[in-house]
Amino acid sequence: MGTSGSYGGSGTSDWQQAHDAFDALPGSAPAGSGPGDPPDPAQDQQQSLDNLLDALGAALQKDDADRGRPSAAGYPLSALLASPRGSGGGGGGAGAGTQTPTGRAGAGSRRQVVKGSARGAAALAGAYALRSGDAARLQELGLDLAELRTMGPRAQISRILQAVLGDAGHPDEAALRKAATRWVKAVLLDPQPPAPQEGMRGLITEWIYELSLVELGSQKAQGNLTAQEAIHKQRWLRSWLERRLKGLLVPDTQGMTVQQFTATAAKVTGEALRMLRARRT
């Protein structure tokens with residue numbers, strides 16, 4: 001399920017609560033529901049979904065190296081961007097490989113929830129800069145506008161993601177790349193790209209969802225789920241997470257540098273985790 005791969009899970013009591021809450025979700029599609037979003041859940045199901053989001057928010061906040069509270073200044077871009085292998089660096093060729101010293105590297109490393117969001121936001125900022133032809137903001141990321149314009153859309157997407165995120169060597173990194181890819185594609189491929197505030201909110205929501213699946217798919221807390229049951233539960237989770245974070249406030253990003261854009265994303269992600277822990281009444 002999700003992006004877990006062979007990852008064995010954190011095994012903490014906080015994640016056990018999240019597993020228990022996930023197990024409590026409906027394991028089958030509601031009567032009459034189609035392939036789209038699930039219909040409005042019943043009141044008791046809403047409580048189960050709120051319990052899950054509360055558990056996820058608590059576990060992710062406790063796992064996070066910054067406890068969900070990044071500094072007001074954010075992270076320097078040098079701490080967010082992948083480092084090029086060899087001596088190419090900067091705006092080198094599209095085929096240059098990159099490593100990921102800024103991401104989660106192993107089981108003993110701390111989870112990077114808000115910093116990961118800032119890294120995804122750097123890639124998103126690159127997509128917006130390319131779409132608008134903003135050479136200065138692309139240069140902040142070590143990317144060259146003229147070079148990118150010689151590529152097709154798919155190659156552009158790959159170049160931005162590789163320059164910012166590098167290779168995904170850990171399931172958390174794969175989750176971040178998956179979340180960022182969805183929104184970078186939306187900016188560069190959709191006829192009408194999402195507004196930057198919508199893109200940032202979408203990225204944060206997708207990142208929390210994909211990161212949650214890394215843990216929820218790492219072990220079976222109770223009993224056995226069929227593939228179909230797991231898919232239905234994931235649909236409930238995604239739909240309710242999107243609804244709960246629909247009102248997440250994102251400041252006006254117009255005129256922001258890439259550094260400011262990433263700092264804002266980290267701050268908004270911390271707020272998103274707190275929102276998930278605020279149970280509805």
# chains A, B, ... in the order shown; residues from 1 in each chain; ligands from 1
>>> residues_around(residues="stretch 109-119 of chain A", least_positions_apart="5", cutoff="8 Å", atoms="only C-alpha atoms", output="ChimeraX atom specification")
/A:60-61,63-66,68-70,75,80-81,103-104,164-165,172,176,203-204,207,262-267,269-270
>>> residues_around(residues="A:Pro153", least_positions_apart="2", cutoff="12 Å", atoms="only C-alpha atoms", output="list of chain:residue names")
A:Ala127, A:Leu130, A:Arg131, A:Leu148, A:Arg149, A:Thr150, A:Met151, A:Ala155, A:Gln156, A:Ile157, A:Ser158, A:Arg159, A:Ile160, A:Val184, A:Lys185, A:Ala186, A:Val187, A:Leu188, A:Leu189, A:Asp190
>>> write_last_selection(atoms="N, CA, C and O atoms", output="PDB file, in the first residue's frame")
ATOM      1  N   ALA A 127       8.607  25.243 -10.752  1.00  0.00           N
ATOM      2  CA  ALA A 127       7.615  25.041 -11.806  1.00  0.00           C
ATOM      3  C   ALA A 127       6.897  26.348 -12.133  1.00  0.00           C
ATOM      4  O   ALA A 127       6.700  26.686 -13.309  1.00  0.00           O
ATOM      5  N   LEU A 130       9.261  28.617 -14.069  1.00  0.00           N
ATOM      6  CA  LEU A 130       9.399  28.221 -15.474  1.00  0.00           C
ATOM      7  C   LEU A 130       8.148  28.604 -16.253  1.00  0.00           C
ATOM      8  O   LEU A 130       8.238  29.110 -17.380  1.00  0.00           O
ATOM      9  N   ARG A 131       6.993  28.384 -15.669  1.00  0.00           N
ATOM     10  CA  ARG A 131       5.738  28.695 -16.360  1.00  0.00           C
ATOM     11  C   ARG A 131       5.652  30.186 -16.680  1.00  0.00           C
ATOM     12  O   ARG A 131       5.151  30.586 -17.741  1.00  0.00           O
ATOM     13  N   LEU A 148      16.126  25.084 -19.849  1.00  0.00           N
ATOM     14  CA  LEU A 148      14.853  24.405 -19.647  1.00  0.00           C
ATOM     15  C   LEU A 148      13.928  24.574 -20.850  1.00  0.00           C
ATOM     16  O   LEU A 148      13.161  23.663 -21.188  1.00  0.00           O
ATOM     17  N   ARG A 149      14.007  25.723 -21.513  1.00  0.00           N
ATOM     18  CA  ARG A 149      13.137  25.970 -22.668  1.00  0.00           C
ATOM     19  C   ARG A 149      13.521  25.146 -23.891  1.00  0.00           C
ATOM     20  O   ARG A 149      12.753  25.073 -24.849  1.00  0.00           O
ATOM     21  N   THR A 150      14.701  24.522 -23.853  1.00  0.00           N
ATOM     22  CA  THR A 150      15.082  23.640 -24.955  1.00  0.00           C
ATOM     23  C   THR A 150      14.496  22.232 -24.773  1.00  0.00           C
ATOM     24  O   THR A 150      14.600  21.397 -25.675  1.00  0.00           O
ATOM     25  N   MET A 151      13.894  21.966 -23.610  1.00  0.00           N
ATOM     26  CA  MET A 151      13.384  20.634 -23.286  1.00  0.00           C
ATOM     27  C   MET A 151      11.881  20.549 -23.491  1.00  0.00           C
ATOM     28  O   MET A 151      11.173  21.555 -23.484  1.00  0.00           O
ATOM     29  N   ALA A 155      10.576  16.391 -19.733  1.00  0.00           N
ATOM     30  CA  ALA A 155      11.984  16.549 -19.359  1.00  0.00           C
ATOM     31  C   ALA A 155      12.165  17.724 -18.409  1.00  0.00           C
ATOM     32  O   ALA A 155      13.010  17.671 -17.505  1.00  0.00           O
ATOM     33  N   GLN A 156      11.385  18.781 -18.597  1.00  0.00           N
ATOM     34  CA  GLN A 156      11.442  19.919 -17.680  1.00  0.00           C
ATOM     35  C   GLN A 156      11.051  19.499 -16.266  1.00  0.00           C
ATOM     36  O   GLN A 156      11.705  19.879 -15.285  1.00  0.00           O
ATOM     37  N   ILE A 157       9.978  18.729 -16.172  1.00  0.00           N
ATOM     38  CA  ILE A 157       9.506  18.257 -14.867  1.00  0.00           C
ATOM     39  C   ILE A 157      10.590  17.421 -14.191  1.00  0.00           C
ATOM     40  O   ILE A 157      10.916  17.623 -13.011  1.00  0.00           O
ATOM     41  N   SER A 158      11.172  16.500 -14.940  1.00  0.00           N
ATOM     42  CA  SER A 158      12.222  15.643 -14.398  1.00  0.00           C
ATOM     43  C   SER A 158      13.425  16.458 -13.951  1.00  0.00           C
ATOM     44  O   SER A 158      14.011  16.193 -12.893  1.00  0.00           O
ATOM     45  N   ARG A 159      13.789  17.464 -14.754  1.00  0.00           N
ATOM     46  CA  ARG A 159      14.966  18.284 -14.436  1.00  0.00           C
ATOM     47  C   ARG A 159      14.758  19.058 -13.139  1.00  0.00           C
ATOM     48  O   ARG A 159      15.647  19.117 -12.285  1.00  0.00           O
ATOM     49  N   ILE A 160      13.586  19.646 -12.963  1.00  0.00           N
ATOM     50  CA  ILE A 160      13.306  20.409 -11.745  1.00  0.00           C
ATOM     51  C   ILE A 160      13.309  19.498 -10.521  1.00  0.00           C
ATOM     52  O   ILE A 160      13.937  19.796  -9.496  1.00  0.00           O
ATOM     53  N   VAL A 184       3.850  19.724  -9.469  1.00  0.00           N
ATOM     54  CA  VAL A 184       4.713  20.298 -10.503  1.00  0.00           C
ATOM     55  C   VAL A 184       4.109  20.020 -11.876  1.00  0.00           C
ATOM     56  O   VAL A 184       4.087  20.895 -12.760  1.00  0.00           O
ATOM     57  N   LYS A 185       3.576  18.822 -12.067  1.00  0.00           N
ATOM     58  CA  LYS A 185       2.904  18.494 -13.325  1.00  0.00           C
ATOM     59  C   LYS A 185       1.692  19.395 -13.547  1.00  0.00           C
ATOM     60  O   LYS A 185       1.444  19.868 -14.663  1.00  0.00           O
ATOM     61  N   ALA A 186       0.918  19.633 -12.485  1.00  0.00           N
ATOM     62  CA  ALA A 186      -0.274  20.475 -12.624  1.00  0.00           C
ATOM     63  C   ALA A 186       0.111  21.875 -13.085  1.00  0.00           C
ATOM     64  O   ALA A 186      -0.567  22.478 -13.929  1.00  0.00           O
ATOM     65  N   VAL A 187       1.218  22.400 -12.563  1.00  0.00           N
ATOM     66  CA  VAL A 187       1.647  23.749 -12.936  1.00  0.00           C
ATOM     67  C   VAL A 187       2.126  23.793 -14.381  1.00  0.00           C
ATOM     68  O   VAL A 187       1.819  24.726 -15.132  1.00  0.00           O
ATOM     69  N   LEU A 188       2.867  22.781 -14.802  1.00  0.00           N
ATOM     70  CA  LEU A 188       3.504  22.825 -16.119  1.00  0.00           C
ATOM     71  C   LEU A 188       2.682  22.197 -17.235  1.00  0.00           C
ATOM     72  O   LEU A 188       2.899  22.513 -18.406  1.00  0.00           O
ATOM     73  N   LEU A 189       1.743  21.331 -16.901  1.00  0.00           N
ATOM     74  CA  LEU A 189       0.989  20.635 -17.945  1.00  0.00           C
ATOM     75  C   LEU A 189      -0.456  21.066 -18.080  1.00  0.00           C
ATOM     76  O   LEU A 189      -1.036  20.958 -19.160  1.00  0.00           O
ATOM     77  N   ASP A 190      -1.073  21.538 -16.995  1.00  0.00           N
ATOM     78  CA  ASP A 190      -2.483  21.929 -17.078  1.00  0.00           C
ATOM     79  C   ASP A 190      -2.635  23.199 -17.909  1.00  0.00           C
ATOM     80  O   ASP A 190      -1.823  24.135 -17.779  1.00  0.00           O
TER      81      ASP A 190
END
>>> residues_around(residues="A:Met275", least_positions_apart="4", cutoff="9 Å", atoms="only C-alpha atoms", output="ChimeraX atom specification")
/A:54,57,244-245,248,270-271,279
>>> select_by_dssp(residues="stretch 128-265 of chain A", states="alpha helix (DSSP H)", output="JSON, numbers by chain")
{"A": [128, 129, 130, 131, 132, 135, 136, 137, 138, 139, 140, 145, 146, 147, 148, 153, 154, 155, 156, 157, 158, 159, 160, 161, 162, 163, 164, 165, 171, 172, 173, 174, 175, 176, 177, 178, 179, 180, 181, 182, 183, 184, 185, 186, 187, 188, 189, 196, 197, 198, 199, 200, 201, 202, 203, 204, 205, 206, 207, 208, 209, 210, 211, 212, 213, 214, 215, 216, 227, 228, 229, 230, 231, 232, 233, 234, 235, 236, 237, 238, 239, 240, 241, 242, 243, 244, 258, 259, 260, 261, 262, 263, 264, 265]}
>>> atom_distance(atom1="atom CA of A:Gly217", atom2="atom CA of A:Leu124")
26.6 Å
>>> residues_around(residues="A:Ala136", least_positions_apart="4", cutoff="10 Å", atoms="only C-alpha atoms", output="list in words")
Ala129, Glu140, Leu141, Gly142, Leu143, Asp144, Leu145, Thr257 and Val258 of chain A
>>> closest_residue(among="A:Ile208, A:Ala123, A:Ala195, A:Leu138", to="A:Ala180", atoms="only C-alpha atoms")
A:Ala123
>>> closest_residue(among="A:Arg238, A:Ala122, A:Gln46, A:Arg67", to="A:Ala79", atoms="only C-alpha atoms")
A:Ala122
>>> atom_distance(atom1="atom CA of A:Ala175", atom2="atom CA of A:Leu211")
5.8 Å
>>> residues_around(residues="A:Asp44", least_positions_apart="4", cutoff="12 Å", atoms="only C-alpha atoms", output="MDAnalysis selection string")
chainID A and resid 24:26 40 48:51
